[in-house]
Amino acid sequence: MAVAAHALLDFSKPVDVDLLESTVGLFYGAGTPEQRTAAEQVLKTFQENPDAWTRVDTILEKGKTQQTKFFALQILESVIKFKWAALPGEQREGIKNYTSNLIIKYSTNEQLYRAESTFISKLNLILVQILKQDWPHKWQSFIPDLVAASKTNETLCENSMHILKLLSEEVFDFSRGELTQAKTRELKLTLNNEFRSIHELCMFVLLSTRKTELLRATLTALAAYLSWVPPGYIFESQLVTALLGLFPQAPFRNVALQCLTEVGSLQMPSEFDAHFGTFYRMFSQQLVAILPPNTNLAAAYEAGTDEQQAFVQNLALFYTGFFKHHIQYLEGQPADHEVLRLGLENLINISYVDDTEVFKTCLDYWNVFVADIYTSSCQASLAATTGAGVAGDGSFSFASPGGSAANGVAGSGGSRKALYAGVLSKLRALMVNRMAKPEEVIVVEDENGNIVRETMKDNDVLMQYRTMRETLIYLSHLDYEDTELQMLEKLRGQMSGSWTWNGLNTLCWAIGSISGSMHEEQENRFLVTVIRDLLNLCEITRGKDNKAVIASNIMYVVGQYPKFLRAHWKFLKTVVNKLFEFMHETHPGVQDMACDTFLKISNKCKRKFVVLQLQEQQPFVAELLDGLTATIQDLQPHQIHSFFESVGLMIGAEVDPAKREEYLSRLMAPPNNIWGQILAQAQANPAVLQQQEVIKSLQNVLQTNVSVCSSLGHPYLSQMVQMADSMLQVYRLYSESISQAIASGGPHAARSSFVKYMRSVKKSVLRLIEVFVDKCDDAQLLATKFVPALMEPVLGDYAASVPDAREAEVLSLFAAIVRKLKALMEPEVPKVLSAVFEPTLGMITANFEDFPEHRLKFFGLLHAITNHCFACLFGMSPPQLKLLIDSIVWAFRHTERNVAETGLLLLEDMLKSFAGSEYATQFHQTYYTLLTREVFAVMTDTFHTPGLKLHCRILLHLFGLVRTDAVIKAPLWDVAAKGPSAYASNAAFVQEYVCGLLAGSFPNMTPVQVQAAVAGMMALEDKRAFKHHMRDFLVQTKAFGNAETDQLYADETASKIAEAQQRLQAIPGMVPPNQVNDDMADA
């Protein structure tokens, strides 16, 4: 391999194509793993050689395998994308001619063209890359030449269509991040101006050939252009007629429909409305032959071929695109109402297709459609109620409630509602039948072996549910009676013996989703009927699985109607007692659902449980506490935590402090007894605390306290006072045990189940304190009593422990304390930093992988200190402050996006705080150039692209500081080395510094480019313009400079700078840049 490598990489001799092919073969799997690695290194070195592109023609001519040819094309593509402008003119012309001639050679021979289709596709991409560089200035005749050549050969014409499609996509769809804004605008303008020739070629093909492949290629190319072409080319030529003529023909149906979809989705001036009306009528006539009325589209889709399924997908896109922009015109034409309704019913039928993407397409439109009908209906009702309006001439007039006949259907929301009555009714049935699952609660085992519950909040199903719920609520408002009728009819169908799990689930999710949309009396009547029927269904149904499904649906429905429950105490009490029954049902999922519903009801009806109701002996919460042990005896620990959280909500609603204390004491008695018994046993025999069951019991007691504290809030204080000392004692004991285990067992002991269980107790202690800090209303009490007590057991333990035994929750706890206490925490911050700063940095700076939680929470703590105890930073020694800045730089260099983002946000806030302090000059003299350099480094390294918005905000702030001497009042340069008058101002120094920095980092950029880019950065103050400018700069860093485009870029930047300065001069007393809000809006 070494001999082969030497021969291949010797560019003083002609390339040995056979040897190259054997090396490529080894890389693609013909050799051993070692040979593959060696081959990869040789090919990479060959590819990176600046003269490699000069061997491409020989490799393509003599190469036999596709892999070798593609290797050559990759070399050529790389040169064109990144080094094109640096090549001499004759070499660029040579590559251009060679590529064009190679495409012509392959495209004029149909047999060769079909056999080498993948190779041709790559050549087409390379040609388009050349066009992006040289067209139009250096290749003005490209479009005319392409059109003329295409008329001489059908296969060549087919390939020309592929090139034209790629060109449109590259310019209009994929130019962002690849081309500067100026270049993109120029290409779009040129393509627009040249479209007449492209249009003529497409029409020539559509009207002159019957060759299937050519027609399909032409239609595909047209679909890429139709979204932006001038309207005259569409409706003032034979284009639409030709497309509608091809639409019924099976080989062209889908591509023709894609073109028709682009046409139907266009937004044009109102004078084209009649054209769209004619277009829709003609399309509907053609469609009837393909898709007869009453076709079961869901069944047809299920049994259809890929082409037939694609047709249904495209038809959904056509209808939704057309109706979004042109439905109001069709509403205004009574003759079109029938064909309009037919189209909407077709779309409803498509909505039943069992395909997620198709349904999402339809659902997004139905949401917009129904909201529009609802809005116009409300406006019509308001006009009818007031009975007054404004006449067409602007004068005041009294209008009839129904609106004038001259307005037609579109003029009245009530008329629109009547027009679509049948469609809206079918839509209600669709929403009920296909309702998505409201939310997914999953029970998982965490890293410590504890069962915890997680709610899936942002998955696709939940997003779909939200859209469907919103749509169904609109539909309910538009016709309450029809909504109720359809739901009750479906429920009766379930009752009649034909019930299914899915049918009942979707119905109950739909019933729950319209809570609050009906009038109160109607809702009460409706809900009583639903619950009664569901309870009857539960009684008559056999089988535990079936009963569990019905029970979960009953619980879901009642949980969605808290307003009804609040108004009907007897019913509320019955429901809650039924939930308590379900808590003893061990069928999977029932207990979880019961606890979930109890939590929802407790949250919405909590006051009802602490007030003495009519005909009751005592408030319900007291009755509940009497039977507490019996109620929860069959629940799992995570369900008990949820139950205690629910009761905490109730107790929090009690306004009498004495009663509240009594209820809390009774609620916490069982867990307090367990806690006390374990600690009493531990005093007699400390080894008890090492038993796994004891550790789990302690962890569950603590988690129960977390649940109550989170729902009860500040009144939890009395329980916290009772728990605090013993809790910290347990924390200290487990800290010692963990340290001993790791000291004797080494780092692996930290991952043992025994140590994990003990750490789970420590984490629960920290979590409980953090929640209490968040809920406590008495900051002074926290600062004087609780925080000092935490210093030695928690902070001291963190500093003294080995890295593997340090809890990341310590960092988040003290971040929460700083956010809560703000300035009250300032005396303690130095102690906090002393305990956590260097120990944590030592853990997280060794690499980018270890201790991920510590990383995020450490920078969260620093952020909290910066925002709320900023004065503490002034007390740091220069080495400590340097370490702090280095740690922030290290954070935003991190490849984990959340860590990098936290670091950037921290830096941004710190810079703003220092800019407003008395130490602004001193700080910036020390760190300005360092921070500028480091932000540029991450912005341009391609690993941190998602952070561009924050990079721009920080750089905009830094450049804004030096425009005046209001913030930085002394030179930023080294005065001792260069003298005080080396630069006219700090702005001049920063401009020269950044120019030097970028010129050294990007040798491919010319001095003109660098100077223009930096001048723009220094002058632009508008956030949006600055961000666009930085994007253009990043595009330029990827390619070697071109004198012509550089000058264009420099001129554009200069004009922007001049405009910006004129605007500033026109505003007296312009606000200094450092006081401008830097919350930059995204482009």
# chains A, B, ... in the order shown; residues from 1 in each chain; ligands from 1

$ select_by_dssp --residues "region 1001-1032 of chain A" --states "alpha helix (DSSP H)" --output "PyMOL selection string"
chain A and resi 1001+1007-1019+1023-1032

$ residues_around --residues "region 817-822 of chain A" --least-positions-apart "3" --cutoff "7 Å" --atoms "only C-alpha atoms" --output "PyMOL selection string"
chain A and resi 773-774+779+813-814+825+864-865+868-869

$ write_last_selection --atoms "C-alpha atoms" --output "PDB file, in the first residue's frame"
ATOM      1  CA  VAL A 773     -36.652  27.640  48.115  1.00  0.00           C
ATOM      2  CA  ASP A 774     -38.730  28.244  44.999  1.00  0.00           C
ATOM      3  CA  ALA A 779     -36.576  35.516  51.583  1.00  0.00           C
ATOM      4  CA  LEU A 813     -29.877  24.297  44.200  1.00  0.00           C
ATOM      5  CA  PHE A 814     -27.535  27.234  44.791  1.00  0.00           C
ATOM      6  CA  MET A 825     -27.151  36.149  48.901  1.00  0.00           C
ATOM      7  CA  ALA A 864     -27.554  33.362  38.186  1.00  0.00           C
ATOM      8  CA  ILE A 865     -24.637  34.995  40.076  1.00  0.00           C
ATOM      9  CA  HIS A 868     -28.378  38.757  40.565  1.00  0.00           C
ATOM     10  CA  CYS A 869     -25.127  39.155  42.528  1.00  0.00           C
TER      11      CYS A 869
END

$ residues_around --residues "region 478-495 of chain A" --least-positions-apart "3" --cutoff "8 Å" --atoms "only C-alpha atoms" --output "JSON, numbers by chain"
{"A": [374, 377, 417, 425, 428, 429, 432, 474, 475, 498, 499, 500, 503, 504, 507, 511, 518, 526, 530, 533, 537]}

$ residues_around --residues "region 34-49 of chain A" --least-positions-apart "3" --cutoff "7 Å" --atoms "only C-alpha atoms" --output "list in words"
Ala5, Leu9, Thr23, Leu26, Phe27, Gly29, Gly31, Ala52 and Ile75 of chain A

$ residues_around --residues "Asn294 (chain A)" --least-positions-apart "6" --cutoff "10 Å" --atoms "only C-alpha atoms" --output "list in words"
Glu345, Asn346 and Asn349 of chain A

$ decode --residues "region 23-38 of chain A" --atoms "all heavy atoms" --output "JSON list (two decimals), in the first residue's frame"
[["chain", "number", "residue", "atom", "x", "y", "z"],
["A", 23, "THR", "N", -7.22, 1.22, -5.54],
["A", 23, "THR", "CA", -7.27, 1.90, -4.22],
["A", 23, "THR", "C", -8.70, 2.25, -3.85],
["A", 23, "THR", "O", -9.13, 2.05, -2.70],
["A", 23, "THR", "CB", -6.40, 3.18, -4.25],
["A", 23, "THR", "OG1", -5.10, 2.85, -4.73],
["A", 23, "THR", "CG2", -6.29, 3.79, -2.87],
["A", 24, "VAL", "N", -9.46, 2.76, -4.83],
["A", 24, "VAL", "CA", -10.88, 3.07, -4.59],
["A", 24, "VAL", "C", -11.63, 1.80, -4.24],
["A", 24, "VAL", "O", -12.49, 1.78, -3.34],
["A", 24, "VAL", "CB", -11.50, 3.76, -5.83],
["A", 24, "VAL", "CG1", -13.02, 3.88, -5.67],
["A", 24, "VAL", "CG2", -10.90, 5.14, -6.04],
["A", 25, "GLY", "N", -11.31, 0.70, -4.94],
["A", 25, "GLY", "CA", -11.95, -0.59, -4.65],
["A", 25, "GLY", "C", -11.70, -1.05, -3.23],
["A", 25, "GLY", "O", -12.60, -1.55, -2.54],
["A", 26, "LEU", "N", -10.45, -0.87, -2.76],
["A", 26, "LEU", "CA", -10.12, -1.23, -1.38],
["A", 26, "LEU", "C", -10.94, -0.40, -0.39],
["A", 26, "LEU", "O", -11.44, -0.91, 0.61],
["A", 26, "LEU", "CB", -8.62, -1.02, -1.11],
["A", 26, "LEU", "CG", -7.65, -2.03, -1.74],
["A", 26, "LEU", "CD1", -6.22, -1.58, -1.52],
["A", 26, "LEU", "CD2", -7.86, -3.42, -1.15],
["A", 27, "PHE", "N", -11.09, 0.88, -0.69],
["A", 27, "PHE", "CA", -11.84, 1.77, 0.20],
["A", 27, "PHE", "C", -13.31, 1.36, 0.28],
["A", 27, "PHE", "O", -13.95, 1.44, 1.33],
["A", 27, "PHE", "CB", -11.72, 3.21, -0.27],
["A", 27, "PHE", "CG", -12.59, 4.17, 0.49],
["A", 27, "PHE", "CD1", -12.36, 4.43, 1.83],
["A", 27, "PHE", "CD2", -13.68, 4.79, -0.13],
["A", 27, "PHE", "CE1", -13.18, 5.29, 2.54],
["A", 27, "PHE", "CE2", -14.48, 5.66, 0.58],
["A", 27, "PHE", "CZ", -14.24, 5.91, 1.91],
["A", 28, "TYR", "N", -13.88, 0.93, -0.85],
["A", 28, "TYR", "CA", -15.30, 0.56, -0.87],
["A", 28, "TYR", "C", -15.57, -0.88, -0.45],
["A", 28, "TYR", "O", -16.62, -1.43, -0.73],
["A", 28, "TYR", "CB", -15.91, 0.83, -2.25],
["A", 28, "TYR", "CG", -16.24, 2.29, -2.45],
["A", 28, "TYR", "CD1", -15.42, 3.13, -3.21],
["A", 28, "TYR", "CD2", -17.37, 2.85, -1.86],
["A", 28, "TYR", "CE1", -15.73, 4.47, -3.39],
["A", 28, "TYR", "CE2", -17.68, 4.19, -2.02],
["A", 28, "TYR", "CZ", -16.86, 4.99, -2.77],
["A", 28, "TYR", "OH", -17.17, 6.33, -2.93],
["A", 29, "GLY", "N", -14.58, -1.52, 0.20],
["A", 29, "GLY", "CA", -14.89, -2.79, 0.85],
["A", 29, "GLY", "C", -14.23, -4.01, 0.30],
["A", 29, "GLY", "O", -14.50, -5.13, 0.76],
["A", 30, "ALA", "N", -13.36, -3.87, -0.70],
["A", 30, "ALA", "CA", -12.73, -5.05, -1.28],
["A", 30, "ALA", "C", -11.59, -5.59, -0.41],
["A", 30, "ALA", "O", -11.16, -6.72, -0.59],
["A", 30, "ALA", "CB", -12.20, -4.74, -2.69],
["A", 31, "GLY", "N", -11.09, -4.78, 0.51],
["A", 31, "GLY", "CA", -9.94, -5.21, 1.31],
["A", 31, "GLY", "C", -10.29, -5.40, 2.78],
["A", 31, "GLY", "O", -11.45, -5.36, 3.18],
["A", 32, "THR", "N", -9.25, -5.60, 3.58],
["A", 32, "THR", "CA", -9.42, -5.74, 5.03],
["A", 32, "THR", "C", -9.69, -4.36, 5.65],
["A", 32, "THR", "O", -9.44, -3.34, 5.00],
["A", 32, "THR", "CB", -8.15, -6.34, 5.65],
["A", 32, "THR", "OG1", -7.07, -5.40, 5.45],
["A", 32, "THR", "CG2", -7.80, -7.68, 5.01],
["A", 33, "PRO", "N", -10.14, -4.30, 6.91],
["A", 33, "PRO", "CA", -10.35, -2.99, 7.56],
["A", 33, "PRO", "C", -9.09, -2.13, 7.57],
["A", 33, "PRO", "O", -9.17, -0.91, 7.38],
["A", 33, "PRO", "CB", -10.77, -3.37, 8.99],
["A", 33, "PRO", "CG", -11.41, -4.71, 8.85],
["A", 33, "PRO", "CD", -10.66, -5.41, 7.75],
["A", 34, "GLU", "N", -7.92, -2.75, 7.76],
["A", 34, "GLU", "CA", -6.67, -1.98, 7.76],
["A", 34, "GLU", "C", -6.41, -1.39, 6.37],
["A", 34, "GLU", "O", -5.99, -0.23, 6.23],
["A", 34, "GLU", "CB", -5.49, -2.87, 8.17],
["A", 34, "GLU", "CG", -5.52, -3.35, 9.63],
["A", 34, "GLU", "CD", -6.49, -4.51, 9.84],
["A", 34, "GLU", "OE1", -6.91, -5.13, 8.83],
["A", 34, "GLU", "OE2", -6.85, -4.78, 11.00],
["A", 35, "GLN", "N", -6.65, -2.23, 5.32],
["A", 35, "GLN", "CA", -6.45, -1.74, 3.95],
["A", 35, "GLN", "C", -7.43, -0.61, 3.62],
["A", 35, "GLN", "O", -7.09, 0.35, 2.95],
["A", 35, "GLN", "CB", -6.62, -2.90, 2.95],
["A", 35, "GLN", "CG", -5.48, -3.92, 2.97],
["A", 35, "GLN", "CD", -5.77, -5.09, 2.07],
["A", 35, "GLN", "OE1", -6.89, -5.59, 1.99],
["A", 35, "GLN", "NE2", -4.74, -5.56, 1.36],
["A", 36, "ARG", "N", -8.66, -0.75, 4.14],
["A", 36, "ARG", "CA", -9.67, 0.28, 3.87],
["A", 36, "ARG", "C", -9.25, 1.60, 4.50],
["A", 36, "ARG", "O", -9.37, 2.67, 3.90],
["A", 36, "ARG", "CB", -11.02, -0.18, 4.44],
["A", 36, "ARG", "CG", -12.21, 0.64, 3.92],
["A", 36, "ARG", "CD", -13.54, 0.13, 4.44],
["A", 36, "ARG", "NE", -13.72, -1.28, 4.13],
["A", 36, "ARG", "CZ", -14.00, -2.22, 5.01],
["A", 36, "ARG", "NH1", -14.15, -1.91, 6.28],
["A", 36, "ARG", "NH2", -14.15, -3.47, 4.65],
["A", 37, "THR", "N", -8.74, 1.55, 5.72],
["A", 37, "THR", "CA", -8.28, 2.77, 6.41],
["A", 37, "THR", "C", -7.12, 3.41, 5.67],
["A", 37, "THR", "O", -7.07, 4.63, 5.47],
["A", 37, "THR", "CB", -7.86, 2.43, 7.85],
["A", 37, "THR", "OG1", -8.95, 1.79, 8.51],
["A", 37, "THR", "CG2", -7.47, 3.68, 8.62],
["A", 38, "ALA", "N", -6.16, 2.57, 5.23],
["A", 38, "ALA", "CA", -5.00, 3.09, 4.49],
["A", 38, "ALA", "C", -5.43, 3.69, 3.16],
["A", 38, "ALA", "O", -4.95, 4.77, 2.75],
["A", 38, "ALA", "CB", -3.99, 1.96, 4.27]]
